[in-house]
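*Asks:* Take this structure first; my questions come after.
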Amino acid sequence: MFFPLSKLLFFVVTPSNALVLLMLVGLGFGVSGSRQFGFGLAAVAGLFLLIAGLSPLAVTVALPLEERFPAFVDDGRPVAGIIVLGGAIETRLSGERGQLVLNDAAERQIAMADLARRYPTTRLVFTGGSGSLVNRKPSEAETVSRYADSTGLPRTRLILEDRSRNTWENALFTADMVKPKPDERWLLVTSAWHMPRAVGCFRQAGFDVTAYPVDYRTGGWDDIWRINGFASEGLALLDLVTKEWIGLTAYRLAGYTDAWLPAPQAPSATEPSR
């Protein structure tokens with residue numbers, strides 16, 4: 001039940017959806033007789049919609065997530081494997097158009113191809129099933145396999161996990177599939193804003209990973225002074241990171257992560273500092 005309930009919850013509490021629904025409720029009250037209350041509610045919702053879209057609010061909410069894990073720096077320690085989380089592939093469009101179609105998290109796939117080239121002997125894992133609630137669509141893993149050649153990925157090295165529907169299942173099924181050894185270093189590739197929840201899930205699954213964040217949506221703390229040129233820009237980011245904060249809370253309550261906001265672990269005495 002967790003998966004469908006999370007989809008419904010995210011739809012309702014997504015800021016742009018919630019504010020538009022609040023405006024409609026206000027207008028409904030306004031035309032049905034409660035003019036002052038109804039139109040006042042609609043006006044307040046509209047004002048908040050404008051502020052959320054144009055102000056640095058979304059960036060302020062996103063930065064604690066994106067800055068939680070630093071960018072990966074290769075310190076020479078051997079890399080046993082690379083794990084790339086799904087979420088960047090439009091499976092329906094890829095199937096209908098006969099080519100790989102990526103969304104605005106495309107950096108995950110770019111990093112996968114780049115890391116496969118830089119670490120030619122490592123195990124290469126892609127984890128991503130189908131997130132569809134209704135129709136059975138091709139999994140992201142199936143799509144990656146089908147179009148591996150177009151991204152320069154070596155099919156013979158690909159380890160594909162195609163059952164997972166969310167981040168917790170990504171971690172659980174991947175750990176069961178690759179059975180990592182305690183002294184191995186595995187890089188985890190996902191969006192910077194998603195990295196805390198992803199790392200928390202892998203740790204909870206008994207899989208210690210090294211963060212390789214990509215797909216940044218902010219330029220750093222200086223962005224808190226930047227006004228958006230389009231309201232849609234701020235609203236899109238606010239929707240994204242609000243759902244991520246809710247996801248962190250829900251996952252912690254469900255026991256899927258090891259902390260509410262997972263952080264990098266300090267290097268052990270036997271591990272080189274980074």
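Here, A, B, ... name the chains of the structure tokens in the order displayed, residue numbers run from 1 inside each chain, and ligands are numbered from 1 in the same displayed order.
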From a DSSP calculation on the backbone, collect every residue of range 43-179 of chain A in strand (DSSP E) and output the set as a list in words.
*Replies:*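 Residues meeting the strand (DSSP E) criterion: Gly81, Ile82, Ile83, Val84, Leu85, Arg123, Leu124, Val125, Phe126, Thr127, Leu158, Ile159, Leu160 and Glu161 of chain A.
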*Asks:* Please save all heavy atoms of the selected residues as a tab-separated table (two decimals), in the first residue's frame.
*Replies:*
chain	number	residue	atom	x	y	z
A	81	GLY	N	32.28	-1.12	-7.94
A	81	GLY	CA	31.06	-1.09	-8.73
A	81	GLY	C	30.43	0.29	-8.76
A	81	GLY	O	30.73	1.16	-7.94
A	82	ILE	N	29.55	0.47	-9.72
A	82	ILE	CA	28.82	1.72	-9.93
A	82	ILE	C	27.34	1.39	-9.99
A	82	ILE	O	26.92	0.49	-10.73
A	82	ILE	CB	29.26	2.40	-11.24
A	82	ILE	CG1	30.76	2.77	-11.18
A	82	ILE	CG2	28.42	3.63	-11.54
A	82	ILE	CD1	31.40	2.88	-12.54
A	83	ILE	N	26.54	2.10	-9.20
A	83	ILE	CA	25.10	1.90	-9.18
A	83	ILE	C	24.44	3.19	-9.65
A	83	ILE	O	24.70	4.26	-9.10
A	83	ILE	CB	24.58	1.56	-7.77
A	83	ILE	CG1	25.29	0.34	-7.22
A	83	ILE	CG2	23.08	1.35	-7.78
A	83	ILE	CD1	25.14	0.19	-5.72
A	84	VAL	N	23.59	3.09	-10.64
A	84	VAL	CA	22.87	4.26	-11.15
A	84	VAL	C	21.38	4.05	-10.91
A	84	VAL	O	20.82	3.02	-11.32
A	84	VAL	CB	23.15	4.48	-12.65
A	84	VAL	CG1	22.39	5.70	-13.16
A	84	VAL	CG2	24.64	4.63	-12.90
A	85	LEU	N	20.76	4.99	-10.24
A	85	LEU	CA	19.32	4.89	-9.97
A	85	LEU	C	18.52	5.37	-11.17
A	85	LEU	O	18.89	6.33	-11.85
A	85	LEU	CB	18.93	5.72	-8.75
A	85	LEU	CG	19.55	5.36	-7.41
A	85	LEU	CD1	18.81	6.08	-6.28
A	85	LEU	CD2	19.53	3.86	-7.16
A	123	ARG	N	31.98	-3.32	-11.90
A	123	ARG	CA	30.63	-3.81	-12.15
A	123	ARG	C	29.72	-2.60	-12.33
A	123	ARG	O	29.84	-1.59	-11.63
A	123	ARG	CB	30.16	-4.68	-10.99
A	123	ARG	CG	31.04	-5.89	-10.78
A	123	ARG	CD	30.81	-6.53	-9.42
A	123	ARG	NE	29.58	-7.32	-9.39
A	123	ARG	CZ	29.13	-7.93	-8.29
A	123	ARG	NH1	29.79	-7.82	-7.15
A	123	ARG	NH2	28.00	-8.62	-8.34
A	124	LEU	N	28.80	-2.69	-13.27
A	124	LEU	CA	27.96	-1.56	-13.66
A	124	LEU	C	26.49	-1.95	-13.49
A	124	LEU	O	25.98	-2.79	-14.22
A	124	LEU	CB	28.25	-1.20	-15.11
A	124	LEU	CG	27.73	0.11	-15.67
A	124	LEU	CD1	28.27	1.30	-14.89
A	124	LEU	CD2	28.09	0.24	-17.14
A	125	VAL	N	25.84	-1.33	-12.50
A	125	VAL	CA	24.46	-1.69	-12.15
A	125	VAL	C	23.52	-0.54	-12.47
A	125	VAL	O	23.78	0.60	-12.10
A	125	VAL	CB	24.34	-2.05	-10.65
A	125	VAL	CG1	22.90	-2.42	-10.30
A	125	VAL	CG2	25.29	-3.17	-10.28
A	126	PHE	N	22.42	-0.87	-13.14
A	126	PHE	CA	21.33	0.09	-13.30
A	126	PHE	C	20.11	-0.48	-12.61
A	126	PHE	O	19.71	-1.62	-12.87
A	126	PHE	CB	21.01	0.36	-14.77
A	126	PHE	CG	19.89	1.35	-14.94
A	126	PHE	CD1	20.16	2.71	-15.00
A	126	PHE	CD2	18.57	0.94	-15.00
A	126	PHE	CE1	19.13	3.64	-15.13
A	126	PHE	CE2	17.53	1.85	-15.12
A	126	PHE	CZ	17.81	3.21	-15.18
A	127	THR	N	19.49	0.31	-11.72
A	127	THR	CA	18.33	-0.17	-10.99
A	127	THR	C	17.13	0.74	-11.25
A	127	THR	O	17.16	1.93	-10.95
A	127	THR	CB	18.61	-0.28	-9.47
A	127	THR	OG1	17.38	-0.48	-8.77
A	127	THR	CG2	19.32	0.95	-8.92
A	158	LEU	N	26.59	-4.69	-18.17
A	158	LEU	CA	25.38	-4.18	-17.52
A	158	LEU	C	24.74	-5.23	-16.62
A	158	LEU	O	24.46	-6.35	-17.04
A	158	LEU	CB	24.37	-3.72	-18.56
A	158	LEU	CG	24.62	-2.36	-19.23
A	158	LEU	CD1	23.56	-2.10	-20.28
A	158	LEU	CD2	24.64	-1.25	-18.19
A	159	ILE	N	24.50	-4.84	-15.37
A	159	ILE	CA	23.71	-5.64	-14.44
A	159	ILE	C	22.42	-4.86	-14.22
A	159	ILE	O	22.45	-3.73	-13.72
A	159	ILE	CB	24.45	-5.84	-13.10
A	159	ILE	CG1	25.80	-6.52	-13.33
A	159	ILE	CG2	23.60	-6.64	-12.13
A	159	ILE	CD1	26.69	-6.54	-12.10
A	160	LEU	N	21.30	-5.44	-14.63
A	160	LEU	CA	20.04	-4.71	-14.64
A	160	LEU	C	19.09	-5.22	-13.57
A	160	LEU	O	18.81	-6.42	-13.49
A	160	LEU	CB	19.38	-4.82	-16.02
A	160	LEU	CG	20.23	-4.31	-17.19
A	160	LEU	CD1	19.57	-4.65	-18.51
A	160	LEU	CD2	20.44	-2.80	-17.07
A	161	GLU	N	18.59	-4.31	-12.77
A	161	GLU	CA	17.58	-4.63	-11.75
A	161	GLU	C	16.29	-3.96	-12.21
A	161	GLU	O	16.21	-2.74	-12.26
A	161	GLU	CB	18.05	-4.10	-10.38
A	161	GLU	CG	17.14	-4.46	-9.22
A	161	GLU	CD	15.84	-3.66	-9.24
A	161	GLU	OE1	15.91	-2.42	-9.16
A	161	GLU	OE2	14.76	-4.29	-9.35
*Asks:* Near range 168-178 of chain A, within 10 Å and counting only C-alpha atoms, which residues show up once chain neighbours fewer than 2 positions away are dropped, as number ranges by chain?
*Replies:* A: 81, 83-86, 123, 125-129, 159-166, 180-181, 197-208, 251, 255-257
*Asks:* For the selection you just gave me, I'd like the residues written to a file as a JSON list (two decimals), in the first residue's frame, keeping N, CA and C atoms.
*Replies:*
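Below is the file that was written, out.json:
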[["chain", "number", "residue", "atom", "x", "y", "z"],
["A", 81, "GLY", "N", 32.28, -1.12, -7.94],
["A", 81, "GLY", "CA", 31.06, -1.09, -8.73],
["A", 81, "GLY", "C", 30.43, 0.29, -8.76],
["A", 83, "ILE", "N", 26.54, 2.10, -9.20],
["A", 83, "ILE", "CA", 25.10, 1.90, -9.18],
["A", 83, "ILE", "C", 24.44, 3.19, -9.65],
["A", 84, "VAL", "N", 23.59, 3.09, -10.64],
["A", 84, "VAL", "CA", 22.87, 4.26, -11.15],
["A", 84, "VAL", "C", 21.38, 4.05, -10.91],
["A", 85, "LEU", "N", 20.76, 4.99, -10.24],
["A", 85, "LEU", "CA", 19.32, 4.89, -9.97],
["A", 85, "LEU", "C", 18.52, 5.37, -11.17],
["A", 86, "GLY", "N", 17.41, 4.70, -11.43],
["A", 86, "GLY", "CA", 16.50, 5.13, -12.47],
["A", 86, "GLY", "C", 15.83, 6.44, -12.10],
["A", 123, "ARG", "N", 31.98, -3.32, -11.90],
["A", 123, "ARG", "CA", 30.63, -3.81, -12.15],
["A", 123, "ARG", "C", 29.72, -2.60, -12.33],
["A", 125, "VAL", "N", 25.84, -1.33, -12.50],
["A", 125, "VAL", "CA", 24.46, -1.69, -12.15],
["A", 125, "VAL", "C", 23.52, -0.54, -12.47],
["A", 126, "PHE", "N", 22.42, -0.87, -13.14],
["A", 126, "PHE", "CA", 21.33, 0.09, -13.30],
["A", 126, "PHE", "C", 20.11, -0.48, -12.61],
["A", 127, "THR", "N", 19.49, 0.31, -11.72],
["A", 127, "THR", "CA", 18.33, -0.17, -10.99],
["A", 127, "THR", "C", 17.13, 0.74, -11.25],
["A", 128, "GLY", "N", 16.09, 0.16, -11.83],
["A", 128, "GLY", "CA", 14.89, 0.94, -12.13],
["A", 128, "GLY", "C", 13.83, 0.10, -12.80],
["A", 129, "GLY", "N", 12.70, -0.05, -12.12],
["A", 129, "GLY", "CA", 11.58, -0.79, -12.70],
["A", 129, "GLY", "C", 10.59, 0.15, -13.33],
["A", 159, "ILE", "N", 24.50, -4.84, -15.37],
["A", 159, "ILE", "CA", 23.71, -5.64, -14.44],
["A", 159, "ILE", "C", 22.42, -4.86, -14.22],
["A", 160, "LEU", "N", 21.30, -5.44, -14.63],
["A", 160, "LEU", "CA", 20.04, -4.71, -14.64],
["A", 160, "LEU", "C", 19.09, -5.22, -13.57],
["A", 161, "GLU", "N", 18.59, -4.31, -12.77],
["A", 161, "GLU", "CA", 17.58, -4.63, -11.75],
["A", 161, "GLU", "C", 16.29, -3.96, -12.21],
["A", 162, "ASP", "N", 15.26, -4.73, -12.53],
["A", 162, "ASP", "CA", 14.07, -4.17, -13.17],
["A", 162, "ASP", "C", 12.78, -4.32, -12.37],
["A", 163, "ARG", "N", 12.87, -4.68, -11.08],
["A", 163, "ARG", "CA", 11.65, -4.88, -10.28],
["A", 163, "ARG", "C", 11.29, -3.68, -9.42],
["A", 164, "SER", "N", 12.25, -2.84, -9.09],
["A", 164, "SER", "CA", 12.04, -1.77, -8.10],
["A", 164, "SER", "C", 11.10, -0.69, -8.62],
["A", 165, "ARG", "N", 10.28, -0.18, -7.70],
["A", 165, "ARG", "CA", 9.34, 0.89, -8.02],
["A", 165, "ARG", "C", 9.66, 2.18, -7.29],
["A", 166, "ASN", "N", 10.52, 2.12, -6.29],
["A", 166, "ASN", "CA", 10.89, 3.31, -5.52],
["A", 166, "ASN", "C", 12.31, 3.16, -5.00],
["A", 180, "PRO", "N", 27.37, -7.06, -2.03],
["A", 180, "PRO", "CA", 28.67, -6.39, -1.88],
["A", 180, "PRO", "C", 29.45, -6.89, -0.67],
["A", 181, "LYS", "N", 30.76, -6.86, -0.78],
["A", 181, "LYS", "CA", 31.62, -7.21, 0.35],
["A", 181, "LYS", "C", 31.88, -5.97, 1.20],
["A", 197, "ARG", "N", 18.25, 10.70, 0.73],
["A", 197, "ARG", "CA", 17.29, 9.60, 0.89],
["A", 197, "ARG", "C", 17.84, 8.31, 0.28],
["A", 198, "ALA", "N", 18.50, 8.42, -0.86],
["A", 198, "ALA", "CA", 19.04, 7.24, -1.51],
["A", 198, "ALA", "C", 20.12, 6.58, -0.66],
["A", 199, "VAL", "N", 21.05, 7.37, -0.14],
["A", 199, "VAL", "CA", 22.12, 6.82, 0.70],
["A", 199, "VAL", "C", 21.52, 6.21, 1.97],
["A", 200, "GLY", "N", 20.53, 6.88, 2.55],
["A", 200, "GLY", "CA", 19.89, 6.34, 3.75],
["A", 200, "GLY", "C", 19.25, 4.99, 3.50],
["A", 201, "CYS", "N", 18.63, 4.82, 2.34],
["A", 201, "CYS", "CA", 18.00, 3.53, 1.99],
["A", 201, "CYS", "C", 19.06, 2.44, 1.82],
["A", 202, "PHE", "N", 20.14, 2.75, 1.13],
["A", 202, "PHE", "CA", 21.18, 1.75, 0.91],
["A", 202, "PHE", "C", 21.83, 1.35, 2.23],
["A", 203, "ARG", "N", 22.06, 2.31, 3.11],
["A", 203, "ARG", "CA", 22.63, 1.97, 4.41],
["A", 203, "ARG", "C", 21.68, 1.07, 5.20],
["A", 204, "GLN", "N", 20.40, 1.39, 5.14],
["A", 204, "GLN", "CA", 19.42, 0.59, 5.86],
["A", 204, "GLN", "C", 19.34, -0.82, 5.30],
["A", 205, "ALA", "N", 19.65, -0.97, 4.02],
["A", 205, "ALA", "CA", 19.66, -2.29, 3.38],
["A", 205, "ALA", "C", 20.99, -3.01, 3.60],
["A", 206, "GLY", "N", 21.89, -2.41, 4.38],
["A", 206, "GLY", "CA", 23.17, -3.04, 4.67],
["A", 206, "GLY", "C", 24.20, -2.86, 3.58],
["A", 207, "PHE", "N", 24.03, -1.83, 2.76],
["A", 207, "PHE", "CA", 24.91, -1.61, 1.61],
["A", 207, "PHE", "C", 25.54, -0.22, 1.77],
["A", 208, "ASP", "N", 26.81, -0.18, 2.15],
["A", 208, "ASP", "CA", 27.51, 1.09, 2.32],
["A", 208, "ASP", "C", 27.97, 1.59, 0.95],
["A", 251, "TYR", "N", 9.85, 7.99, 4.60],
["A", 251, "TYR", "CA", 10.78, 6.85, 4.60],
["A", 251, "TYR", "C", 11.35, 6.61, 6.00],
["A", 255, "GLY", "N", 10.80, 3.29, 8.38],
["A", 255, "GLY", "CA", 11.99, 2.51, 8.69],
["A", 255, "GLY", "C", 12.83, 2.18, 7.47],
["A", 256, "TYR", "N", 12.67, 2.94, 6.39],
["A", 256, "TYR", "CA", 13.40, 2.66, 5.16],
["A", 256, "TYR", "C", 14.77, 3.32, 5.11],
["A", 257, "THR", "N", 15.00, 4.32, 5.97],
["A", 257, "THR", "CA", 16.29, 5.01, 6.01],
["A", 257, "THR", "C", 16.86, 4.94, 7.42]]
*Asks:* Determine, counting only C-alpha atoms, which protein, DNA and RNA residues have an atom within 12 Å of an atom of Leu153 in chain A; residues of the same chain fewer than 2 positions away are not included. Present the result as a list in words.
*Replies:* Gln109, Ile110, Ala111, Met112, Ala113, Asp114, Leu115, Ala116, Arg117, Arg118, Pro120, Leu124, Val125, Phe126, Val144, Ser145, Arg146, Tyr147, Ala148, Asp149, Ser150, Thr151, Arg155, Thr156, Arg157, Leu158 and Ile159 of chain A
*Asks:* Show which residues sit within 8 Å of His194 in chain A, as a JSON list (two decimals) with C-alpha atoms, in the first residue's frame. Count only C-alpha atoms, and ignore same-chain residues fewer than 4 positions away.
*Replies:*
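Just written: selection-v8.json:
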[["chain", "number", "residue", "atom", "x", "y", "z"],
["A", 65, "LEU", "CA", 19.47, 18.56, 0.18],
["A", 66, "GLU", "CA", 21.91, 19.35, -2.62],
["A", 190, "THR", "CA", 21.63, 9.87, -8.44],
["A", 198, "ALA", "CA", 19.04, 7.24, -1.51],
["A", 244, "GLU", "CA", 11.67, 14.96, -1.53]]
*Asks:* My list of candidates is A:Glu142, A:Ala192, A:Phe39, A:Val31. Which is closest to Gly220 in chain A when distances are computed with only C-alpha atoms?
*Replies:* A:Ala192
*Asks:* To one decimal place in Å, what is the distance between CA of Leu50 in chain A and CA of Leu21 in chain A?
*Replies:*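 Value for the CA of Leu50 in chain A-CA of Leu21 in chain A distance: 14.6 Å.
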*Asks:* Rank A:Thr60, A:Asn103, A:Ser34, A:Thr143 by their smallest atom-to-atom distance to Arg226 in chain A, using only C-alpha atoms, and report the top residue only.
*Replies:*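 Nearest to Arg226 in chain A: A:Thr60.
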*Asks:* Compare A:Thr122, A:Glu96, A:Ala211, A:Leu187 by their minimum atom-to-atom distance to Gln265 in chain A, counting only C-alpha atoms, and give me the closest one.
*Replies:*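 When distances to Gln265 in chain A are compared using only C-alpha atoms, the smallest one comes from A:Ala211.
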*Asks:* Please, which residues of range 26-163 of chain A, numbered as in this document, come out alpha helix (DSSP H) from DSSP, as a PyMOL selection string?
*Replies:* chain A and resi 26-31+35-54+57-66+91-97+107-118+140-146
*Asks:* One decimal, Å: what's the distance from CA of Leu41 in chain A over to CA of Leu19 in chain A, could you say?
*Replies:*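 Interatomic distance, CA of Leu41 in chain A to CA of Leu19 in chain A: 10.2 Å.
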*Asks:* Work out how far CA of Pro70 in chain A is from CA of Ala254 in chain A, in Å to one decimal.
*Replies:*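 That distance, rounded to one decimal, is 26.8 Å.
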*Asks:* Can you pull out the residues contacting Ala52 in chain A? Cut-off 10 Å, using only C-alpha atoms, and skip same-chain residues under 5 positions away; I want them as a list in words.
*Replies:*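 Non-adjacent residues within range: Pro15, Ser16, Leu19, Gly46, Leu47, Leu57, Ala58, Asn228, Ala231, Ser232, Glu233, Gly234, Leu235, Ala236, Leu237, Leu238 and Asp239 of chain A.
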*Asks:* Pick from A:Leu27, A:Leu100, A:Leu188, A:Leu253: nearest to Pro213 in chain A, with only C-alpha atoms counted?
*Replies:*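 Looking only at the distances to Pro213 in chain A, the closest residue turns out to be A:Leu188.
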